[in-house]
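This is entry.json. It holds JSON, C-alpha atoms.
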[["chain", "number", "residue", "atom", "x", "y", "z"],
["A", 1, "MET", "CA", 170.54, 108.50, 20.12],
["A", 2, "PRO", "CA", 171.53, 105.05, 21.35],
["A", 3, "LYS", "CA", 169.05, 103.50, 23.76],
["A", 4, "LEU", "CA", 171.80, 102.19, 25.97],
["A", 5, "SER", "CA", 173.55, 105.08, 27.61],
["A", 6, "GLY", "CA", 175.03, 105.08, 31.12],
["A", 7, "HIS", "CA", 178.55, 104.02, 31.97],
["A", 8, "ILE", "CA", 179.48, 100.41, 31.70],
["A", 9, "THR", "CA", 182.77, 99.08, 32.96],
["A", 10, "VAL", "CA", 183.94, 95.51, 32.71],
["A", 11, "VAL", "CA", 186.64, 94.71, 35.22],
["A", 12, "ALA", "CA", 188.41, 91.44, 34.61],
["A", 13, "VAL", "CA", 191.25, 89.58, 36.25],
["A", 14, "GLY", "CA", 194.31, 89.20, 34.09],
["A", 15, "LYS", "CA", 195.57, 90.66, 30.86],
["A", 16, "MET", "CA", 194.24, 88.92, 27.80],
["A", 17, "LYS", "CA", 197.51, 87.67, 26.42],
["A", 18, "ARG", "CA", 196.67, 85.13, 23.79],
["A", 19, "SER", "CA", 195.84, 86.52, 20.39],
["A", 20, "LEU", "CA", 193.14, 83.86, 20.22],
["A", 21, "TRP", "CA", 190.89, 85.82, 22.59],
["A", 22, "LEU", "CA", 192.40, 89.27, 22.34],
["A", 23, "GLU", "CA", 191.08, 89.99, 18.89],
["A", 24, "ALA", "CA", 187.51, 89.04, 19.85],
["A", 25, "GLN", "CA", 187.73, 91.11, 23.03],
["A", 26, "GLN", "CA", 188.93, 94.17, 21.14],
["A", 27, "GLU", "CA", 186.31, 93.78, 18.45],
["A", 28, "TYR", "CA", 183.35, 93.71, 20.85],
["A", 29, "ALA", "CA", 184.79, 96.42, 23.10],
["A", 30, "LYS", "CA", 185.09, 98.68, 20.06],
["A", 31, "ARG", "CA", 181.53, 97.96, 18.96],
["A", 32, "LEU", "CA", 180.14, 98.52, 22.45],
["A", 33, "ALA", "CA", 181.82, 101.91, 22.73],
["A", 34, "ARG", "CA", 179.49, 103.16, 20.01],
["A", 35, "TYR", "CA", 176.51, 102.70, 22.35],
["A", 36, "THR", "CA", 177.70, 103.51, 25.81],
["A", 37, "SER", "CA", 180.56, 104.96, 27.74],
["A", 38, "PHE", "CA", 182.43, 101.69, 27.91],
["A", 39, "LYS", "CA", 185.61, 100.79, 29.71],
["A", 40, "LEU", "CA", 187.43, 97.50, 30.01],
["A", 41, "ILE", "CA", 189.83, 97.32, 32.94],
["A", 42, "GLU", "CA", 192.16, 94.38, 33.34],
["A", 43, "VAL", "CA", 193.52, 94.00, 36.85],
["A", 44, "LYS", "CA", 196.63, 92.03, 37.67],
["A", 45, "ASP", "CA", 196.17, 88.31, 38.24],
["A", 46, "SER", "CA", 197.93, 86.57, 41.12],
["A", 47, "VAL", "CA", 197.40, 82.95, 40.09],
["A", 48, "GLY", "CA", 200.50, 80.92, 39.32],
["A", 49, "LYS", "CA", 202.75, 83.42, 41.05],
["A", 50, "GLY", "CA", 203.60, 81.42, 44.14],
["A", 51, "PHE", "CA", 200.70, 82.56, 46.33],
["A", 52, "PRO", "CA", 198.30, 80.13, 48.00],
["A", 53, "ASP", "CA", 194.90, 80.25, 46.25],
["A", 54, "GLU", "CA", 193.24, 82.18, 49.10],
["A", 55, "THR", "CA", 195.91, 84.87, 49.05],
["A", 56, "ALA", "CA", 195.76, 85.11, 45.27],
["A", 57, "LYS", "CA", 191.97, 85.52, 45.45],
["A", 58, "GLU", "CA", 192.27, 88.27, 48.04],
["A", 59, "ARG", "CA", 194.90, 90.16, 46.07],
["A", 60, "GLU", "CA", 192.83, 89.98, 42.91],
["A", 61, "GLY", "CA", 189.70, 90.89, 44.88],
["A", 62, "LYS", "CA", 191.26, 94.08, 46.24],
["A", 63, "LEU", "CA", 192.16, 95.20, 42.73],
["A", 64, "LEU", "CA", 188.71, 94.31, 41.37],
["A", 65, "LEU", "CA", 186.96, 96.34, 44.09],
["A", 66, "LYS", "CA", 189.30, 99.27, 43.59],
["A", 67, "ALA", "CA", 188.74, 99.28, 39.82],
["A", 68, "ALA", "CA", 184.97, 98.82, 40.12],
["A", 69, "ALA", "CA", 184.55, 101.79, 42.45],
["A", 70, "SER", "CA", 181.63, 101.80, 44.87],
["A", 71, "SER", "CA", 180.04, 104.52, 42.72],
["A", 72, "HIS", "CA", 179.22, 101.64, 40.38],
["A", 73, "ARG", "CA", 176.60, 98.98, 40.77],
["A", 74, "ARG", "CA", 178.65, 95.78, 40.82],
["A", 75, "ILE", "CA", 177.46, 92.77, 38.90],
["A", 76, "LEU", "CA", 179.38, 89.51, 39.20],
["A", 77, "LEU", "CA", 179.71, 86.90, 36.51],
["A", 78, "SER", "CA", 179.11, 83.83, 38.62],
["A", 79, "PRO", "CA", 178.02, 80.21, 38.00],
["A", 80, "ASP", "CA", 175.19, 80.65, 40.54],
["A", 81, "GLY", "CA", 173.98, 83.92, 39.01],
["A", 82, "VAL", "CA", 170.66, 84.56, 37.27],
["A", 83, "GLN", "CA", 170.39, 83.11, 33.76],
["A", 84, "MET", "CA", 168.56, 85.05, 31.10],
["A", 85, "ASP", "CA", 168.00, 84.85, 27.39],
["A", 86, "SER", "CA", 169.39, 87.65, 25.22],
["A", 87, "HIS", "CA", 166.20, 89.72, 25.20],
["A", 88, "GLN", "CA", 165.80, 89.41, 28.95],
["A", 89, "PHE", "CA", 169.43, 90.41, 29.37],
["A", 90, "ALA", "CA", 168.88, 93.49, 27.18],
["A", 91, "SER", "CA", 165.89, 94.55, 29.33],
["A", 92, "TYR", "CA", 167.84, 93.87, 32.50],
["A", 93, "LEU", "CA", 170.73, 95.96, 31.22],
["A", 94, "ARG", "CA", 168.49, 98.88, 30.32],
["A", 95, "LYS", "CA", 166.74, 98.73, 33.69],
["A", 96, "MET", "CA", 170.05, 98.70, 35.53],
["A", 97, "VAL", "CA", 171.50, 101.54, 33.46],
["A", 98, "VAL", "CA", 168.41, 103.69, 34.07],
["A", 99, "LYS", "CA", 168.41, 102.92, 37.79],
["A", 100, "TYR", "CA", 172.10, 103.09, 38.60],
["A", 101, "GLY", "CA", 173.81, 104.91, 35.73],
["A", 102, "ARG", "CA", 177.16, 103.27, 36.34],
["A", 103, "LEU", "CA", 177.49, 99.52, 36.12],
["A", 104, "ALA", "CA", 180.57, 97.41, 36.65],
["A", 105, "PHE", "CA", 180.60, 93.80, 35.51],
["A", 106, "LEU", "CA", 183.22, 91.78, 37.35],
["A", 107, "VAL", "CA", 184.86, 88.79, 35.69],
["A", 108, "GLY", "CA", 187.02, 86.67, 37.96],
["A", 109, "GLY", "CA", 190.05, 84.60, 37.08],
["A", 110, "PRO", "CA", 190.25, 80.81, 37.13],
["A", 111, "ILE", "CA", 189.98, 80.61, 40.94],
["A", 112, "GLY", "CA", 186.94, 82.87, 41.29],
["A", 113, "PHE", "CA", 186.13, 85.75, 43.60],
["A", 114, "SER", "CA", 187.26, 86.51, 47.15],
["A", 115, "ASP", "CA", 184.64, 86.73, 49.90],
["A", 116, "ALA", "CA", 185.10, 90.51, 50.00],
["A", 117, "VAL", "CA", 184.16, 90.82, 46.32],
["A", 118, "ILE", "CA", 181.10, 88.62, 46.80],
["A", 119, "GLN", "CA", 179.99, 90.58, 49.86],
["A", 120, "GLN", "CA", 180.46, 93.95, 48.22],
["A", 121, "SER", "CA", 178.64, 93.13, 45.00],
["A", 122, "GLU", "CA", 174.91, 93.47, 44.63],
["A", 123, "ASP", "CA", 174.08, 91.28, 41.67],
["A", 124, "LYS", "CA", 175.12, 88.04, 40.07],
["A", 125, "ILE", "CA", 174.46, 86.87, 36.56],
["A", 126, "SER", "CA", 175.43, 83.67, 34.76],
["A", 127, "LEU", "CA", 176.04, 83.28, 31.02],
["A", 128, "SER", "CA", 175.59, 79.52, 30.98],
["A", 129, "ALA", "CA", 175.25, 76.51, 33.24],
["A", 130, "LEU", "CA", 178.44, 75.28, 31.60],
["A", 131, "THR", "CA", 181.87, 76.28, 32.84],
["A", 132, "PHE", "CA", 184.02, 78.10, 30.29],
["A", 133, "PRO", "CA", 187.62, 79.35, 30.48],
["A", 134, "HIS", "CA", 187.55, 82.82, 32.01],
["A", 135, "GLU", "CA", 188.95, 84.36, 28.81],
["A", 136, "LEU", "CA", 186.12, 82.88, 26.79],
["A", 137, "ALA", "CA", 183.56, 83.96, 29.41],
["A", 138, "ARG", "CA", 184.88, 87.50, 29.08],
["A", 139, "VAL", "CA", 184.41, 87.44, 25.31],
["A", 140, "MET", "CA", 180.92, 85.98, 25.77],
["A", 141, "LEU", "CA", 180.02, 88.83, 28.15],
["A", 142, "LEU", "CA", 181.28, 91.54, 25.80],
["A", 143, "GLU", "CA", 179.44, 89.97, 22.86],
["A", 144, "GLN", "CA", 176.27, 89.82, 24.89],
["A", 145, "LEU", "CA", 176.55, 93.45, 26.02],
["A", 146, "TYR", "CA", 176.98, 94.46, 22.39],
["A", 147, "ARG", "CA", 174.04, 92.27, 21.37],
["A", 148, "ALA", "CA", 171.91, 93.87, 24.10],
["A", 149, "ALA", "CA", 172.78, 97.32, 22.73],
["A", 150, "THR", "CA", 171.65, 96.31, 19.23],
["A", 151, "ILE", "CA", 168.44, 94.79, 20.63],
["A", 152, "LEU", "CA", 167.63, 97.97, 22.58],
["A", 153, "ASN", "CA", 168.28, 100.04, 19.46],
["A", 154, "LYS", "CA", 166.24, 97.70, 17.29],
["A", 155, "GLU", "CA", 169.21, 97.37, 15.00],
["A", 156, "ARG", "CA", 170.27, 94.38, 12.98],
["A", 157, "TYR", "CA", 173.01, 92.44, 14.66],
["A", 158, "HIS", "CA", 176.23, 93.15, 12.80],
["A", 159, "LYS", "CA", 177.89, 89.84, 11.95],
["B", 160, "MET", "CA", 193.74, 55.05, 27.42],
["B", 161, "PRO", "CA", 191.45, 58.07, 27.10],
["B", 162, "LYS", "CA", 188.02, 57.59, 28.66],
["B", 163, "LEU", "CA", 186.32, 59.27, 25.74],
["B", 164, "SER", "CA", 186.66, 57.09, 22.73],
["B", 165, "GLY", "CA", 184.10, 56.69, 19.96],
["B", 166, "HIS", "CA", 183.88, 58.90, 16.90],
["B", 167, "ILE", "CA", 182.79, 62.48, 17.28],
["B", 168, "THR", "CA", 182.07, 64.68, 14.31],
["B", 169, "VAL", "CA", 181.07, 68.31, 14.48],
["B", 170, "VAL", "CA", 179.33, 69.46, 11.32],
["B", 171, "ALA", "CA", 178.93, 73.19, 11.03],
["B", 172, "VAL", "CA", 177.51, 75.52, 8.44],
["B", 173, "GLY", "CA", 180.04, 77.83, 6.86],
["B", 174, "LYS", "CA", 183.80, 78.05, 6.74],
["B", 175, "MET", "CA", 185.29, 79.82, 9.71],
["B", 176, "LYS", "CA", 186.85, 82.72, 7.88],
["B", 177, "ARG", "CA", 187.76, 85.26, 10.48],
["B", 178, "SER", "CA", 191.04, 84.70, 12.26],
["B", 179, "LEU", "CA", 189.24, 85.85, 15.37],
["B", 180, "TRP", "CA", 187.43, 82.50, 15.72],
["B", 181, "LEU", "CA", 189.58, 80.32, 13.53],
["B", 182, "GLU", "CA", 192.47, 80.11, 15.93],
["B", 183, "ALA", "CA", 190.24, 79.09, 18.84],
["B", 184, "GLN", "CA", 188.48, 76.51, 16.68],
["B", 185, "GLN", "CA", 191.78, 74.97, 15.58],
["B", 186, "GLU", "CA", 193.15, 74.94, 19.10],
["B", 187, "TYR", "CA", 190.23, 73.02, 20.60],
["B", 188, "ALA", "CA", 189.89, 70.69, 17.61],
["B", 189, "LYS", "CA", 193.55, 69.77, 18.01],
["B", 190, "ARG", "CA", 193.18, 69.16, 21.74],
["B", 191, "LEU", "CA", 190.06, 67.04, 21.24],
["B", 192, "ALA", "CA", 191.77, 64.82, 18.70],
["B", 193, "ARG", "CA", 193.99, 63.52, 21.51],
["B", 194, "TYR", "CA", 190.96, 61.92, 23.17],
["B", 195, "THR", "CA", 188.68, 60.75, 20.43],
["B", 196, "SER", "CA", 188.47, 60.21, 16.73],
["B", 197, "PHE", "CA", 187.41, 63.78, 16.03],
["B", 198, "LYS", "CA", 186.40, 65.40, 12.78],
["B", 199, "LEU", "CA", 185.22, 68.92, 12.06],
["B", 200, "ILE", "CA", 183.32, 69.27, 8.80],
["B", 201, "GLU", "CA", 182.35, 72.69, 7.51],
["B", 202, "VAL", "CA", 179.56, 72.59, 4.94],
["B", 203, "LYS", "CA", 178.88, 75.39, 2.48],
["B", 204, "ASP", "CA", 176.66, 78.19, 3.74],
["B", 205, "SER", "CA", 173.92, 79.59, 1.50],
["B", 206, "VAL", "CA", 173.06, 82.73, 3.46],
["B", 207, "GLY", "CA", 173.69, 86.04, 1.73],
["B", 208, "LYS", "CA", 173.94, 84.40, -1.67],
["B", 209, "GLY", "CA", 170.67, 85.58, -3.11],
["B", 210, "PHE", "CA", 168.47, 82.71, -1.91],
["B", 211, "PRO", "CA", 165.33, 83.24, 0.13],
["B", 212, "ASP", "CA", 165.91, 82.15, 3.74],
["B", 213, "GLU", "CA", 163.86, 78.96, 3.38],
["B", 214, "THR", "CA", 165.82, 77.86, 0.32],
["B", 215, "ALA", "CA", 169.11, 78.69, 2.00],
["B", 216, "LYS", "CA", 168.08, 76.63, 5.03],
["B", 217, "GLU", "CA", 167.15, 73.65, 2.86],
["B", 218, "ARG", "CA", 170.39, 73.79, 0.91],
["B", 219, "GLU", "CA", 172.43, 73.95, 4.09],
["B", 220, "GLY", "CA", 170.27, 71.23, 5.64],
["B", 221, "LYS", "CA", 170.94, 68.80, 2.81],
["B", 222, "LEU", "CA", 174.68, 69.26, 3.21],
["B", 223, "LEU", "CA", 174.47, 68.90, 7.00],
["B", 224, "LEU", "CA", 172.55, 65.63, 6.72],
["B", 225, "LYS", "CA", 174.92, 64.30, 4.10],
["B", 226, "ALA", "CA", 177.99, 65.15, 6.20],
["B", 227, "ALA", "CA", 176.47, 63.78, 9.41],
["B", 228, "ALA", "CA", 175.65, 60.40, 7.89],
["B", 229, "SER", "CA", 172.76, 58.40, 9.35],
["B", 230, "SER", "CA", 175.35, 56.02, 10.84],
["B", 231, "HIS", "CA", 175.86, 58.80, 13.39],
["B", 232, "ARG", "CA", 173.62, 59.78, 16.24],
["B", 233, "ARG", "CA", 172.77, 63.40, 15.39],
["B", 234, "ILE", "CA", 172.75, 66.00, 18.13],
["B", 235, "LEU", "CA", 171.62, 69.52, 17.30],
["B", 236, "LEU", "CA", 172.86, 72.69, 18.93],
["B", 237, "SER", "CA", 169.56, 74.41, 19.45],
["B", 238, "PRO", "CA", 168.19, 77.19, 21.70],
["B", 239, "ASP", "CA", 165.43, 74.83, 22.91],
["B", 240, "GLY", "CA", 167.82, 71.98, 23.63],
["B", 241, "VAL", "CA", 168.64, 70.49, 27.03],
["B", 242, "GLN", "CA", 170.93, 72.62, 29.19],
["B", 243, "MET", "CA", 173.53, 70.95, 31.34],
["B", 244, "ASP", "CA", 176.44, 71.94, 33.48],
["B", 245, "SER", "CA", 179.91, 70.79, 32.40],
["B", 246, "HIS", "CA", 179.93, 67.64, 34.54],
["B", 247, "GLN", "CA", 176.48, 66.64, 33.34],
["B", 248, "PHE", "CA", 177.59, 67.26, 29.77],
["B", 249, "ALA", "CA", 180.65, 65.04, 30.29],
["B", 250, "SER", "CA", 178.43, 62.21, 31.62],
["B", 251, "TYR", "CA", 175.98, 62.72, 28.76],
["B", 252, "LEU", "CA", 178.79, 62.57, 26.23],
["B", 253, "ARG", "CA", 180.22, 59.36, 27.70],
["B", 254, "LYS", "CA", 176.80, 57.75, 27.80],
["B", 255, "MET", "CA", 176.12, 58.69, 24.17],
["B", 256, "VAL", "CA", 179.55, 57.50, 22.99],
["B", 257, "VAL", "CA", 179.10, 54.16, 24.75],
["B", 258, "LYS", "CA", 175.59, 53.72, 23.39],
["B", 259, "TYR", "CA", 176.00, 54.95, 19.81],
["B", 260, "GLY", "CA", 179.74, 55.00, 19.08],
["B", 261, "ARG", "CA", 179.44, 57.67, 16.42],
["B", 262, "LEU", "CA", 178.09, 61.07, 17.33],
["B", 263, "ALA", "CA", 177.58, 64.07, 15.08],
["B", 264, "PHE", "CA", 176.99, 67.49, 16.61],
["B", 265, "LEU", "CA", 175.27, 69.82, 14.16],
["B", 266, "VAL", "CA", 175.85, 73.58, 14.36],
["B", 267, "GLY", "CA", 173.58, 75.66, 12.15],
["B", 268, "GLY", "CA", 174.27, 78.99, 10.54],
["B", 269, "PRO", "CA", 172.63, 82.31, 11.47],
["B", 270, "ILE", "CA", 169.22, 81.22, 10.12],
["B", 271, "GLY", "CA", 169.07, 77.89, 11.91],
["B", 272, "PHE", "CA", 168.10, 74.41, 10.75],
["B", 273, "SER", "CA", 165.73, 73.23, 8.04],
["B", 274, "ASP", "CA", 162.75, 71.09, 9.02],
["B", 275, "ALA", "CA", 164.43, 68.06, 7.49],
["B", 276, "VAL", "CA", 167.45, 68.45, 9.78],
["B", 277, "ILE", "CA", 165.22, 68.84, 12.82],
["B", 278, "GLN", "CA", 163.14, 65.78, 11.89],
["B", 279, "GLN", "CA", 166.15, 63.61, 11.20],
["B", 280, "SER", "CA", 168.04, 64.44, 14.39],
["B", 281, "GLU", "CA", 167.43, 62.61, 17.63],
["B", 282, "ASP", "CA", 168.79, 64.97, 20.24],
["B", 283, "LYS", "CA", 169.03, 68.66, 21.01],
["B", 284, "ILE", "CA", 171.35, 70.39, 23.42],
["B", 285, "SER", "CA", 171.75, 74.06, 24.29],
["B", 286, "LEU", "CA", 174.94, 75.74, 25.50],
["B", 287, "SER", "CA", 173.21, 78.76, 27.00],
["B", 288, "ALA", "CA", 169.86, 80.50, 27.20],
["B", 289, "LEU", "CA", 171.62, 83.42, 25.53],
["B", 290, "THR", "CA", 171.99, 83.72, 21.77],
["B", 291, "PHE", "CA", 175.55, 83.85, 20.50],
["B", 292, "PRO", "CA", 176.95, 84.30, 16.98],
["B", 293, "HIS", "CA", 177.14, 80.87, 15.38],
["B", 294, "GLU", "CA", 180.93, 81.09, 15.10],
["B", 295, "LEU", "CA", 181.23, 81.72, 18.83],
["B", 296, "ALA", "CA", 178.72, 78.91, 19.58],
["B", 297, "ARG", "CA", 180.92, 76.58, 17.57],
["B", 298, "VAL", "CA", 183.98, 77.52, 19.60],
["B", 299, "MET", "CA", 181.97, 77.10, 22.82],
["B", 300, "LEU", "CA", 180.92, 73.59, 21.73],
["B", 301, "LEU", "CA", 184.48, 72.52, 20.88],
["B", 302, "GLU", "CA", 185.78, 73.92, 24.15],
["B", 303, "GLN", "CA", 183.08, 72.06, 26.04],
["B", 304, "LEU", "CA", 183.79, 68.77, 24.25],
["B", 305, "TYR", "CA", 187.45, 69.16, 25.15],
["B", 306, "ARG", "CA", 186.54, 70.02, 28.75],
["B", 307, "ALA", "CA", 184.30, 66.93, 28.92],
["B", 308, "ALA", "CA", 187.22, 64.78, 27.76],
["B", 309, "THR", "CA", 189.46, 66.15, 30.53],
["B", 310, "ILE", "CA", 186.69, 65.62, 33.11],
["B", 311, "LEU", "CA", 186.18, 62.01, 32.02],
["B", 312, "ASN", "CA", 189.94, 61.44, 32.20],
["B", 313, "LYS", "CA", 190.19, 63.15, 35.58],
["B", 314, "GLU", "CA", 192.82, 65.43, 34.14],
["B", 315, "ARG", "CA", 193.56, 69.02, 34.97],
["B", 316, "TYR", "CA", 192.07, 71.39, 32.47],
["B", 317, "HIS", "CA", 194.87, 72.71, 30.32],
["B", 318, "LYS", "CA", 194.61, 76.49, 30.22]]

What's the structure tokens form of this structure?
Amino acid sequence: MPKLSGHITVVAVGKMKRSLWLEAQQEYAKRLARYTSFKLIEVKDSVGKGFPDETAKEREGKLLLKAAASSHRRILLSPDGVQMDSHQFASYLRKMVVKYGRLAFLVGGPIGFSDAVIQQSEDKISLSALTFPHELARVMLLEQLYRAATILNKERYHK
Amino acid sequence: MPKLSGHITVVAVGKMKRSLWLEAQQEYAKRLARYTSFKLIEVKDSVGKGFPDETAKEREGKLLLKAAASSHRRILLSPDGVQMDSHQFASYLRKMVVKYGRLAFLVGGPIGFSDAVIQQSEDKISLSALTFPHELARVMLLEQLYRAATILNKERYHK
């Protein structure tokens, strides 16, 4: 019985279009689904569609909050979030799953989160002090969730 | 005239075989080559070929040191290396290029570096407190080198 149960949703802004990232995203999503009830939801991005940045942020924010329902504990991927190593992240994930059951990790687009999303989210984590393209950050998050699952199950990491 | 000149070599253990990472690697290597004399050298990996881990490490280490000649300042990607944000990394990279001209970033395989590589390298940097697969770490490094080049040139990041 996998040690990571619960319901984990990743809600991200924008459809992963480029094959470059899509394959990695699909691979880790598939692996994760073996350990937990996992969902990846891609909400519509509004950047580059003629809106001012603030409007685009708000539009994306509304969709993020709708997809990551308030029944979920919301965790933002944010440059000013808590940084952990992979074992700390695995413990954190287990603790959160036990406590809240349903977790939603929110991954913003290139312009970040609206104020509403920030106000209505309880936690913030950071994957690195470095800034990465949001597509790559999404892949890094999925890989790390999968890695956490293998750590909690004391399994060898599948390369 | 690009602000990042010098000669930058990334030496990594193992051929990137899976299309999943290969495309990203090629994309960032191509972009980087517009800013600096850039080379990516993949040395032969010895893991999973019947050698004990220590022997595999030594074999890989010899190839890494040969490829990253001593005319280059060697910088290891290592979990205990210095962490920076992207702007700090860009400044660091410029400073190193100005001072040493030829830089070699060394990316180990899944079992890490031999003692010889550690002893004969001057610097260590870390991309994240988290552990990532070495293929993904390699892509993260290339992306970050490209990002540093755009920062130093005050260019918009090309998505």

Problem set entry | Contact set, chain A to chain B: 8 Å, all atoms listed in the file, as a ChimeraX atom specification | /A:20-21,23-24,83-86,127-133,140,143-144,159

Exercise. Which residue gives the smallest distance to Glu314 in chain B among B:Gly209, B:Tyr194, B:Lys216, B:Met175, with only C-alpha atoms counted?
Worked result: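 For Glu314 in chain B, the nearest of the given residues is B:Tyr194.
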
For this session: Kindly give the distance, in Å, that separates CA of Gly14 in chain A and CA of Thr309 in chain B, rounded to a single decimal.
Result: 23.8 Å

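Atom pair CA of Val169 in chain B / CA of Val241 in chain B: separated by 17.8 Å.
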
Exercise. Closest to Lys99 in chain A among A:Arg73, A:Lys30, A:Lys39, A:Gln119, using all atoms listed in the file?
Worked result: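 Counting all atoms listed in the file, the residue closest to Lys99 in chain A is A:Arg73.
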
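The residue that comes closest to Ala69 in chain A, out of A:Ile111, A:Leu4, A:Leu142, A:Ile41 and on the basis of only C-alpha atoms, is A:Ile41.
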
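If you look at CA of Ala29 in chain A and CA of Gly101 in chain A, they are 18.8 Å away from each other.
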
Exercise. Could you tell me, as a list in words, which residues have any atom at most 9 Å from (188.5, 63.1, 18.4), counting all atoms listed in the file?
Worked result: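 Within the cut-off we find Leu163, Ser164, Gly165, His166, Ile167, Thr168, Ala188, Lys189, Arg190, Leu191, Ala192, Arg193, Tyr194, Thr195, Ser196, Phe197 and Lys198 of chain B.
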
Save the residues we just selected, C-alpha atoms, as a PDB file, keeping the file's coordinate frame?
ATOM      1  CA  LEU B 163     186.320  59.270  25.740  1.00  0.00           C
ATOM      2  CA  SER B 164     186.660  57.090  22.730  1.00  0.00           C
ATOM      3  CA  GLY B 165     184.100  56.690  19.960  1.00  0.00           C
ATOM      4  CA  HIS B 166     183.880  58.900  16.900  1.00  0.00           C
ATOM      5  CA  ILE B 167     182.790  62.480  17.280  1.00  0.00           C
ATOM      6  CA  THR B 168     182.070  64.680  14.310  1.00  0.00           C
ATOM      7  CA  ALA B 188     189.890  70.690  17.610  1.00  0.00           C
ATOM      8  CA  LYS B 189     193.550  69.770  18.010  1.00  0.00           C
ATOM      9  CA  ARG B 190     193.180  69.160  21.740  1.00  0.00           C
ATOM     10  CA  LEU B 191     190.060  67.040  21.240  1.00  0.00           C
ATOM     11  CA  ALA B 192     191.770  64.820  18.700  1.00  0.00           C
ATOM     12  CA  ARG B 193     193.990  63.520  21.510  1.00  0.00           C
ATOM     13  CA  TYR B 194     190.960  61.920  23.170  1.00  0.00           C
ATOM     14  CA  THR B 195     188.680  60.750  20.430  1.00  0.00           C
ATOM     15  CA  SER B 196     188.470  60.210  16.730  1.00  0.00           C
ATOM     16  CA  PHE B 197     187.410  63.780  16.030  1.00  0.00           C
ATOM     17  CA  LYS B 198     186.400  65.400  12.780  1.00  0.00           C
TER      18      LYS B 198
END

Problem set entry | For Lys44 in chain A, the nearest of the candidates A:Asn153, A:Asp80, A:Ala90, A:Gly108, counting only C-alpha atoms | A:Gly108

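When all atoms listed in the file are used to compute distances to Ser280 in chain B, the closest of the residues B:Val256, B:Lys313, B:Thr214, B:Ser230 turns out to be B:Ser230.
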
Exercise. Restricting the calculation to all atoms listed in the file, which member of B:Leu300, B:Ala275, B:Ala226, B:Ile284 is positioned closest to Glu213 in chain B?
Worked result: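 Closest to Glu213 in chain B, using all atoms listed in the file: B:Ala275.
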
Problem set entry | Non-local contacts of Asp53 in chain A (12 Å; all atoms listed in the file; under 5 positions in same chain excluded) as a ChimeraX atom specification | /A:45-48,58-61,109-114

Using all atoms of range 250-262 of chain B listed in the file and a margin of 5 Å per side, can you give the axis-aligned box centre and edge lengths in Å to one decimal, as JSON?
{"center_x": 177.9, "center_y": 58.2, "center_z": 24.0, "size_x": 14.6, "size_y": 19.0, "size_z": 25.2}
